[in-house]
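Source file: query-v2.pdb (PDB, C-alpha atoms)
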ATOM      1  CA  MET J   1     -78.367-209.895  59.520  1.00  0.00           C
ATOM      2  CA  THR J   2     -78.613-208.037  56.236  1.00  0.00           C
ATOM      3  CA  GLU J   3     -79.716-204.594  55.201  1.00  0.00           C
ATOM      4  CA  ILE J   4     -82.753-204.580  52.918  1.00  0.00           C
ATOM      5  CA  THR J   5     -82.355-201.688  50.497  1.00  0.00           C
ATOM      6  CA  VAL J   6     -84.357-199.879  47.853  1.00  0.00           C
ATOM      7  CA  ASP J   7     -81.823-201.320  45.399  1.00  0.00           C
ATOM      8  CA  ASP J   8     -83.379-204.751  46.129  1.00  0.00           C
ATOM      9  CA  PHE J   9     -86.467-203.445  44.301  1.00  0.00           C
ATOM     10  CA  GLU J  10     -85.146-200.708  41.989  1.00  0.00           C
ATOM     11  CA  GLN J  11     -81.660-201.106  40.565  1.00  0.00           C
ATOM     12  CA  GLY J  12     -79.274-198.184  40.819  1.00  0.00           C
ATOM     13  CA  VAL J  13     -80.795-196.442  43.864  1.00  0.00           C
ATOM     14  CA  LEU J  14     -78.028-195.320  46.207  1.00  0.00           C
ATOM     15  CA  PRO J  15     -78.585-195.368  49.982  1.00  0.00           C
ATOM     16  CA  ALA J  16     -79.124-191.921  51.495  1.00  0.00           C
ATOM     17  CA  GLN J  17     -76.892-190.543  54.233  1.00  0.00           C
ATOM     18  CA  GLY J  18     -78.697-190.420  57.592  1.00  0.00           C
ATOM     19  CA  ARG J  19     -81.230-193.072  56.544  1.00  0.00           C
ATOM     20  CA  PHE J  20     -82.724-195.714  58.755  1.00  0.00           C
ATOM     21  CA  LYS J  21     -81.021-199.008  57.944  1.00  0.00           C
ATOM     22  CA  VAL J  22     -83.827-201.562  57.482  1.00  0.00           C
ATOM     23  CA  ALA J  23     -82.532-204.981  58.510  1.00  0.00           C
ATOM     24  CA  SER J  24     -83.658-208.591  58.491  1.00  0.00           C
ATOM     25  CA  PRO J  25     -82.073-211.593  60.184  1.00  0.00           C
ATOM     26  CA  CYS J  26     -80.710-214.293  57.880  1.00  0.00           C
ATOM     27  CA  SER J  27     -81.162-218.034  58.330  1.00  0.00           C
ATOM     28  CA  ASP J  28     -77.764-218.605  56.668  1.00  0.00           C
ATOM     29  CA  PRO J  29     -75.006-216.269  57.913  1.00  0.00           C
ATOM     30  CA  LYS J  30     -73.330-216.330  54.495  1.00  0.00           C
ATOM     31  CA  GLN J  31     -76.364-215.897  52.220  1.00  0.00           C
ATOM     32  CA  ARG J  32     -78.074-212.525  51.959  1.00  0.00           C
ATOM     33  CA  SER J  33     -80.926-214.216  50.071  1.00  0.00           C
ATOM     34  CA  SER J  34     -81.765-216.104  53.275  1.00  0.00           C
ATOM     35  CA  ALA J  35     -83.144-212.917  54.875  1.00  0.00           C
ATOM     36  CA  ALA J  36     -86.183-213.879  56.951  1.00  0.00           C
ATOM     37  CA  VAL J  37     -88.326-211.204  55.316  1.00  0.00           C
ATOM     38  CA  PHE J  38     -87.692-212.680  51.849  1.00  0.00           C
ATOM     39  CA  GLU J  39     -88.384-216.222  53.074  1.00  0.00           C
ATOM     40  CA  VAL J  40     -91.661-215.198  54.734  1.00  0.00           C
ATOM     41  CA  VAL J  41     -92.855-213.309  51.644  1.00  0.00           C
ATOM     42  CA  GLN J  42     -92.001-216.315  49.441  1.00  0.00           C
ATOM     43  CA  GLY J  43     -94.381-218.409  51.574  1.00  0.00           C
ATOM     44  CA  MET J  44     -97.341-216.081  50.934  1.00  0.00           C
ATOM     45  CA  ASP J  45     -99.873-216.451  48.133  1.00  0.00           C
ATOM     46  CA  LYS J  46     -99.172-214.385  45.005  1.00  0.00           C
ATOM     47  CA  SER J  47    -101.492-211.492  45.799  1.00  0.00           C
ATOM     48  CA  ASP J  48    -100.106-211.183  49.343  1.00  0.00           C
ATOM     49  CA  GLN J  49     -96.553-211.386  47.940  1.00  0.00           C
ATOM     50  CA  ARG J  50     -97.241-208.416  45.649  1.00  0.00           C
ATOM     51  CA  GLN J  51     -98.690-206.370  48.527  1.00  0.00           C
ATOM     52  CA  ALA J  52     -95.851-207.339  50.880  1.00  0.00           C
ATOM     53  CA  LEU J  53     -93.162-206.423  48.361  1.00  0.00           C
ATOM     54  CA  ALA J  54     -94.892-203.120  47.566  1.00  0.00           C
ATOM     55  CA  GLY J  55     -95.182-202.387  51.299  1.00  0.00           C
ATOM     56  CA  LEU J  56     -91.513-203.187  51.908  1.00  0.00           C
ATOM     57  CA  LYS J  57     -90.454-201.038  48.983  1.00  0.00           C
ATOM     58  CA  TYR J  58     -92.462-198.082  50.296  1.00  0.00           C
ATOM     59  CA  LEU J  59     -91.136-198.566  53.842  1.00  0.00           C
ATOM     60  CA  LEU J  60     -87.591-198.584  52.457  1.00  0.00           C
ATOM     61  CA  LYS J  61     -88.217-195.344  50.573  1.00  0.00           C
ATOM     62  CA  LEU J  62     -89.475-193.764  53.813  1.00  0.00           C
ATOM     63  CA  ALA J  63     -86.406-195.076  55.656  1.00  0.00           C
ATOM     64  CA  GLN J  64     -84.238-193.099  53.214  1.00  0.00           C
ATOM     65  CA  MET J  65     -85.617-189.907  54.774  1.00  0.00           C
ATOM     66  CA  GLY J  66     -84.080-190.759  58.153  1.00  0.00           C
ATOM     67  CA  LYS J  67     -87.168-189.868  60.187  1.00  0.00           C
ATOM     68  CA  PRO J  68     -89.263-192.198  62.367  1.00  0.00           C
ATOM     69  CA  PHE J  69     -92.097-193.578  60.257  1.00  0.00           C
ATOM     70  CA  GLY J  70     -94.722-192.182  62.637  1.00  0.00           C
ATOM     71  CA  GLN J  71     -93.602-188.685  61.616  1.00  0.00           C
ATOM     72  CA  LEU J  72     -94.160-189.513  57.949  1.00  0.00           C
ATOM     73  CA  LEU J  73     -97.394-191.525  58.094  1.00  0.00           C
ATOM     74  CA  ASP J  74    -100.663-191.323  59.996  1.00  0.00           C
ATOM     75  CA  LYS J  75    -101.387-193.268  63.207  1.00  0.00           C
ATOM     76  CA  LYS J  76    -103.658-195.716  61.400  1.00  0.00           C
ATOM     77  CA  THR J  77    -100.766-196.748  59.141  1.00  0.00           C
ATOM     78  CA  VAL J  78     -97.962-196.825  61.740  1.00  0.00           C
ATOM     79  CA  HIS J  79     -98.464-197.469  65.439  1.00  0.00           C
ATOM     80  CA  GLU J  80     -97.462-199.812  68.250  1.00  0.00           C
ATOM     81  CA  ALA J  81     -98.217-203.395  67.188  1.00  0.00           C
ATOM     82  CA  PHE J  82     -99.091-204.437  70.761  1.00  0.00           C
ATOM     83  CA  GLU J  83     -98.325-203.431  74.334  1.00  0.00           C
ATOM     84  CA  PRO J  84     -94.606-202.921  74.994  1.00  0.00           C
ATOM     85  CA  PHE J  85     -93.013-206.006  76.559  1.00  0.00           C
ATOM     86  CA  TYR J  86     -90.464-206.185  79.343  1.00  0.00           C
ATOM     87  CA  CYS J  87     -87.115-207.466  78.113  1.00  0.00           C
ATOM     88  CA  GLU J  88     -84.885-209.158  80.698  1.00  0.00           C
ATOM     89  CA  LEU J  89     -81.812-208.367  78.617  1.00  0.00           C
ATOM     90  CA  THR J  90     -82.310-204.592  78.489  1.00  0.00           C
ATOM     91  CA  LYS J  91     -84.250-204.385  81.768  1.00  0.00           C
ATOM     92  CA  ARG J  92     -86.828-202.132  80.148  1.00  0.00           C
ATOM     93  CA  ASP J  93     -89.957-202.211  78.026  1.00  0.00           C
ATOM     94  CA  GLU J  94     -89.356-202.684  74.302  1.00  0.00           C
ATOM     95  CA  THR J  95     -91.851-201.633  71.631  1.00  0.00           C
ATOM     96  CA  VAL J  96     -92.661-203.415  68.389  1.00  0.00           C
ATOM     97  CA  TRP J  97     -94.287-201.170  65.782  1.00  0.00           C
ATOM     98  CA  ARG J  98     -96.674-202.020  62.985  1.00  0.00           C
ATOM     99  CA  TYR J  99     -96.774-200.647  59.450  1.00  0.00           C
ATOM    100  CA  ARG J 100     -99.918-201.469  57.462  1.00  0.00           C
ATOM    101  CA  HIS J 101     -99.936-201.739  53.672  1.00  0.00           C
ATOM    102  CA  GLY J 102    -103.309-203.064  52.507  1.00  0.00           C
ATOM    103  CA  ASP J 103    -103.741-206.501  54.072  1.00  0.00           C
ATOM    104  CA  ILE J 104    -100.038-206.762  54.949  1.00  0.00           C
ATOM    105  CA  ARG J 105     -98.619-205.964  58.370  1.00  0.00           C
ATOM    106  CA  ILE J 106     -94.902-205.350  58.738  1.00  0.00           C
ATOM    107  CA  LEU J 107     -93.810-205.495  62.365  1.00  0.00           C
ATOM    108  CA  PHE J 108     -90.578-203.691  63.179  1.00  0.00           C
ATOM    109  CA  TYR J 109     -88.384-202.488  66.021  1.00  0.00           C
ATOM    110  CA  TYR J 110     -86.335-199.291  66.255  1.00  0.00           C
ATOM    111  CA  ALA J 111     -82.859-200.415  67.355  1.00  0.00           C
ATOM    112  CA  VAL J 112     -79.764-198.345  68.081  1.00  0.00           C
ATOM    113  CA  ASP J 113     -77.754-196.612  65.367  1.00  0.00           C
ATOM    114  CA  LYS J 114     -80.824-195.973  63.199  1.00  0.00           C
ATOM    115  CA  VAL J 115     -81.425-199.661  62.532  1.00  0.00           C
ATOM    116  CA  VAL J 116     -85.010-200.772  61.920  1.00  0.00           C
ATOM    117  CA  LEU J 117     -85.315-204.499  62.536  1.00  0.00           C
ATOM    118  CA  LEU J 118     -87.982-206.221  60.465  1.00  0.00           C
ATOM    119  CA  ALA J 119     -89.468-208.441  63.173  1.00  0.00           C
ATOM    120  CA  HIS J 120     -92.261-210.118  61.159  1.00  0.00           C
ATOM    121  CA  THR J 121     -94.248-209.674  57.945  1.00  0.00           C
ATOM    122  CA  LEU J 122     -97.689-211.191  57.594  1.00  0.00           C
ATOM    123  CA  PRO J 123    -101.007-210.972  55.798  1.00  0.00           C
ATOM    124  CA  LYS J 124    -103.578-209.741  58.299  1.00  0.00           C
ATOM    125  CA  ARG J 125    -107.275-209.551  57.736  1.00  0.00           C
ATOM    126  CA  THR J 126    -108.347-209.087  61.350  1.00  0.00           C
ATOM    127  CA  ASP J 127    -107.560-206.320  63.829  1.00  0.00           C
ATOM    128  CA  LYS J 128    -105.845-208.390  66.516  1.00  0.00           C
ATOM    129  CA  LEU J 129    -102.503-210.132  66.260  1.00  0.00           C
ATOM    130  CA  SER J 130    -102.437-213.686  67.569  1.00  0.00           C
ATOM    131  CA  ALA J 131    -100.214-214.642  70.505  1.00  0.00           C
ATOM    132  CA  LYS J 132     -98.056-216.610  68.040  1.00  0.00           C
ATOM    133  CA  GLU J 133     -97.591-213.559  65.788  1.00  0.00           C
ATOM    134  CA  LYS J 134     -96.676-211.374  68.775  1.00  0.00           C
ATOM    135  CA  ASN J 135     -94.223-213.983  70.054  1.00  0.00           C
ATOM    136  CA  ILE J 136     -92.485-214.233  66.673  1.00  0.00           C
ATOM    137  CA  ALA J 137     -91.926-210.461  66.711  1.00  0.00           C
ATOM    138  CA  LYS J 138     -90.810-210.403  70.355  1.00  0.00           C
ATOM    139  CA  GLN J 139     -88.366-213.248  69.773  1.00  0.00           C
ATOM    140  CA  ALA J 140     -86.882-211.462  66.747  1.00  0.00           C
ATOM    141  CA  VAL J 141     -86.243-208.394  68.931  1.00  0.00           C
ATOM    142  CA  ILE J 142     -84.723-210.489  71.731  1.00  0.00           C
ATOM    143  CA  ASP J 143     -82.514-212.385  69.259  1.00  0.00           C
ATOM    144  CA  PHE J 144     -81.335-209.074  67.765  1.00  0.00           C
ATOM    145  CA  LEU J 145     -80.588-207.588  71.192  1.00  0.00           C
ATOM    146  CA  GLU J 146     -78.712-210.712  72.285  1.00  0.00           C
ATOM    147  CA  ALA J 147     -76.608-210.681  69.102  1.00  0.00           C
ATOM    148  CA  SER J 148     -75.886-206.969  69.439  1.00  0.00           C
ATOM    149  CA  ARG J 149     -74.613-207.499  72.991  1.00  0.00           C
ATOM    150  CA  SER J 150     -72.590-210.599  72.203  1.00  0.00           C
ATOM    151  CA  GLU J 151     -68.823-210.513  71.907  1.00  0.00           C
ATOM    152  CA  ALA J 152     -69.039-210.941  68.133  1.00  0.00           C
ATOM    153  CA  GLY J 153     -71.807-208.347  67.775  1.00  0.00           C
ATOM    154  CA  ILE J 154     -74.216-208.250  64.846  1.00  0.00           C
ATOM    155  CA  GLN J 155     -72.813-210.152  61.875  1.00  0.00           C
ATOM    156  CA  TRP J 156     -73.835-208.326  58.698  1.00  0.00           C
ATOM    157  CA  VAL J 157     -74.213-210.236  55.425  1.00  0.00           C
ATOM    158  CA  LYS J 158     -73.532-208.169  52.299  1.00  0.00           C
TER     159      LYS J 158
END
What is this structure when it is put down as structure tokens?
Amino acid sequence: MTEITVDDFEQGVLPAQGRFKVASPCSDPKQRSSAAVFEVVQGMDKSDQRQALAGLKYLLKLAQMGKPFGQLLDKKTVHEAFEPFYCELTKRDETVWRYRHGDIRILFYYAVDKVVLLAHTLPKRTDKLSAKEKNIAKQAVIDFLEASRSEAGIQWVK
């Protein structure tokens, strides 16, 4: 897991106290560059890459304010991505949220300690998410929750 920061897009920007920590799982536990969000964006076409990176940058700037995104943006831009799902691990419903930036959808989950897990990033030109897209986001949340409850806890890559 690694924190995605404004400094990834604009050099010299210091993280704000009280911010939401925007995080992405890593495919390689020793390489920050293996963050899933970066790998997914790399697989997009150039125009979608530009939109996705601009959307991530804006989301990171909002995270610096330390308020839930729904308090900073309208309901058309940020809302539940799909119906909350029951998680066996937590024994409760968990909610994945959606942030829209043009044709890009960034799916995220509010975790404990002001962590925002980036669950999936995708170009979306239709209203409905596919079952596959929902399952990718759900699995990212479950994987995060399992890691956070493991003996080792979340392993952060700097």
- Selection: 12 Å around stretch 123-135 of chain J, all atoms listed in the file, excl. self and same-chain fewer than 5 positions, as an MDAnalysis selection string: chainID J and resid 40:41 43:53 55 76 80:85 95:108 140:143
For the residues in the current selection, export C-alpha atoms as an mmCIF file, in the coordinates of the input.
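That gives us out.cif:
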data_model
loop_
_atom_site.group_PDB
_atom_site.id
_atom_site.type_symbol
_atom_site.label_atom_id
_atom_site.label_comp_id
_atom_site.auth_asym_id
_atom_site.auth_seq_id
_atom_site.Cartn_x
_atom_site.Cartn_y
_atom_site.Cartn_z
ATOM 1 C CA VAL J 40 -91.661 -215.198 54.734
ATOM 2 C CA VAL J 41 -92.855 -213.309 51.644
ATOM 3 C CA GLY J 43 -94.381 -218.409 51.574
ATOM 4 C CA MET J 44 -97.341 -216.081 50.934
ATOM 5 C CA ASP J 45 -99.873 -216.451 48.133
ATOM 6 C CA LYS J 46 -99.172 -214.385 45.005
ATOM 7 C CA SER J 47 -101.492 -211.492 45.799
ATOM 8 C CA ASP J 48 -100.106 -211.183 49.343
ATOM 9 C CA GLN J 49 -96.553 -211.386 47.940
ATOM 10 C CA ARG J 50 -97.241 -208.416 45.649
ATOM 11 C CA GLN J 51 -98.690 -206.370 48.527
ATOM 12 C CA ALA J 52 -95.851 -207.339 50.880
ATOM 13 C CA LEU J 53 -93.162 -206.423 48.361
ATOM 14 C CA GLY J 55 -95.182 -202.387 51.299
ATOM 15 C CA LYS J 76 -103.658 -195.716 61.400
ATOM 16 C CA GLU J 80 -97.462 -199.812 68.250
ATOM 17 C CA ALA J 81 -98.217 -203.395 67.188
ATOM 18 C CA PHE J 82 -99.091 -204.437 70.761
ATOM 19 C CA GLU J 83 -98.325 -203.431 74.334
ATOM 20 C CA PRO J 84 -94.606 -202.921 74.994
ATOM 21 C CA PHE J 85 -93.013 -206.006 76.559
ATOM 22 C CA THR J 95 -91.851 -201.633 71.631
ATOM 23 C CA VAL J 96 -92.661 -203.415 68.389
ATOM 24 C CA TRP J 97 -94.287 -201.170 65.782
ATOM 25 C CA ARG J 98 -96.674 -202.020 62.985
ATOM 26 C CA TYR J 99 -96.774 -200.647 59.450
ATOM 27 C CA ARG J 100 -99.918 -201.469 57.462
ATOM 28 C CA HIS J 101 -99.936 -201.739 53.672
ATOM 29 C CA GLY J 102 -103.309 -203.064 52.507
ATOM 30 C CA ASP J 103 -103.741 -206.501 54.072
ATOM 31 C CA ILE J 104 -100.038 -206.762 54.949
ATOM 32 C CA ARG J 105 -98.619 -205.964 58.370
ATOM 33 C CA ILE J 106 -94.902 -205.350 58.738
ATOM 34 C CA LEU J 107 -93.810 -205.495 62.365
ATOM 35 C CA PHE J 108 -90.578 -203.691 63.179
ATOM 36 C CA ALA J 140 -86.882 -211.462 66.747
ATOM 37 C CA VAL J 141 -86.243 -208.394 68.931
ATOM 38 C CA ILE J 142 -84.723 -210.489 71.731
ATOM 39 C CA ASP J 143 -82.514 -212.385 69.259
#
Within 10 Å of J:Ala36 using only C-alpha atoms, minus same-chain residues under 5 positions, as a compact mmCIF listing (two decimals) with C-alpha atoms, keeping the file's coordinate frame:
# COMPACT_ATOMS: atom_id res chain seq x y z
CA MET J 1 -78.37 -209.90 59.52
CA THR J 2 -78.61 -208.04 56.24
CA ALA J 23 -82.53 -204.98 58.51
CA SER J 24 -83.66 -208.59 58.49
CA PRO J 25 -82.07 -211.59 60.18
CA CYS J 26 -80.71 -214.29 57.88
CA SER J 27 -81.16 -218.03 58.33
CA ASP J 28 -77.76 -218.60 56.67
CA VAL J 41 -92.86 -213.31 51.64
CA GLN J 42 -92.00 -216.32 49.44
CA LEU J 118 -87.98 -206.22 60.46
CA ALA J 119 -89.47 -208.44 63.17
CA HIS J 120 -92.26 -210.12 61.16
CA THR J 121 -94.25 -209.67 57.94
Of the candidates J:Ser150, J:Thr90, J:Ser33, J:Gln64, which shows the shortest atom-to-atom distance to J:Phe20, using all atoms listed in the file?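 With all atoms listed in the file as the atom set, the closest residue is J:Gln64.
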Next on the checklist: From the options J:Arg19, J:Gln139, J:Ala35, J:Glu151, which residue's atoms come nearest to J:Leu59, counting all atoms listed in the file?
Outcome noted: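 The closest residue to J:Leu59 is J:Arg19.
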Exercise for review: Would you mind listing what lies within 10 Å of J:Leu14 as a list in words, with all atoms listed in the file counted and same-chain residues fewer than 6 positions away left out?
Suggested key: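 Within the cut-off, the hits are Thr5, Val6, Asp7 and Gln64 of chain J.
Take atom CA of J:Ala54 and atom CA of J:Val37: the distance between them is 13.0 Å.
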Of J:Glu94, J:Leu89, J:Tyr109, J:Gln31, the one sitting nearest J:Arg149 when using only C-alpha atoms is J:Leu89
Here atom CA of J:Lys61 and atom CA of J:Gln155 stand apart by 24.2 Å
For stretch 78-93 of chain J in the structure I just supplied, write out N, CA and C atoms - as a compact mmCIF listing (two decimals), in the first residue's frame.
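That gives us selection-v6.txt:
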# COMPACT_ATOMS: atom_id res chain seq x y z
N VAL J 78 -19.85 13.17 -6.73
CA VAL J 78 -19.47 12.16 -5.73
C VAL J 78 -20.73 11.54 -5.15
N HIS J 79 -20.83 10.23 -5.26
CA HIS J 79 -21.94 9.50 -4.64
C HIS J 79 -21.58 8.03 -4.55
N GLU J 80 -22.47 7.24 -3.92
CA GLU J 80 -22.23 5.81 -3.83
C GLU J 80 -22.09 5.24 -5.23
N ALA J 81 -21.10 4.38 -5.44
CA ALA J 81 -20.86 3.80 -6.76
C ALA J 81 -21.91 2.75 -7.10
N PHE J 82 -22.35 2.02 -6.07
CA PHE J 82 -23.37 0.97 -6.20
C PHE J 82 -23.88 0.66 -4.81
N GLU J 83 -24.86 -0.20 -4.72
CA GLU J 83 -25.45 -0.54 -3.42
C GLU J 83 -24.36 -1.04 -2.46
N PRO J 84 -24.42 -0.64 -1.19
CA PRO J 84 -23.46 -1.18 -0.23
C PRO J 84 -23.50 -2.71 -0.24
N PHE J 85 -22.36 -3.33 0.02
CA PHE J 85 -22.29 -4.79 0.01
C PHE J 85 -21.95 -5.30 1.41
N TYR J 86 -22.50 -6.47 1.72
CA TYR J 86 -22.23 -7.05 3.04
C TYR J 86 -20.85 -7.69 3.02
N CYS J 87 -20.04 -7.35 4.00
CA CYS J 87 -18.69 -7.88 4.11
C CYS J 87 -18.64 -8.87 5.28
N GLU J 88 -18.29 -10.10 4.98
CA GLU J 88 -18.20 -11.14 6.02
C GLU J 88 -17.17 -10.78 7.08
N LEU J 89 -16.10 -10.12 6.67
CA LEU J 89 -15.02 -9.79 7.59
C LEU J 89 -15.46 -8.78 8.66
N THR J 90 -16.15 -7.73 8.23
CA THR J 90 -16.57 -6.69 9.17
C THR J 90 -17.97 -6.94 9.74
N LYS J 91 -18.69 -7.85 9.10
CA LYS J 91 -20.07 -8.18 9.50
C LYS J 91 -21.00 -6.98 9.40
N ARG J 92 -20.74 -6.17 8.36
CA ARG J 92 -21.60 -5.01 8.11
C ARG J 92 -21.53 -4.65 6.62
N ASP J 93 -22.41 -3.74 6.24
CA ASP J 93 -22.40 -3.25 4.86
C ASP J 93 -21.25 -2.27 4.69
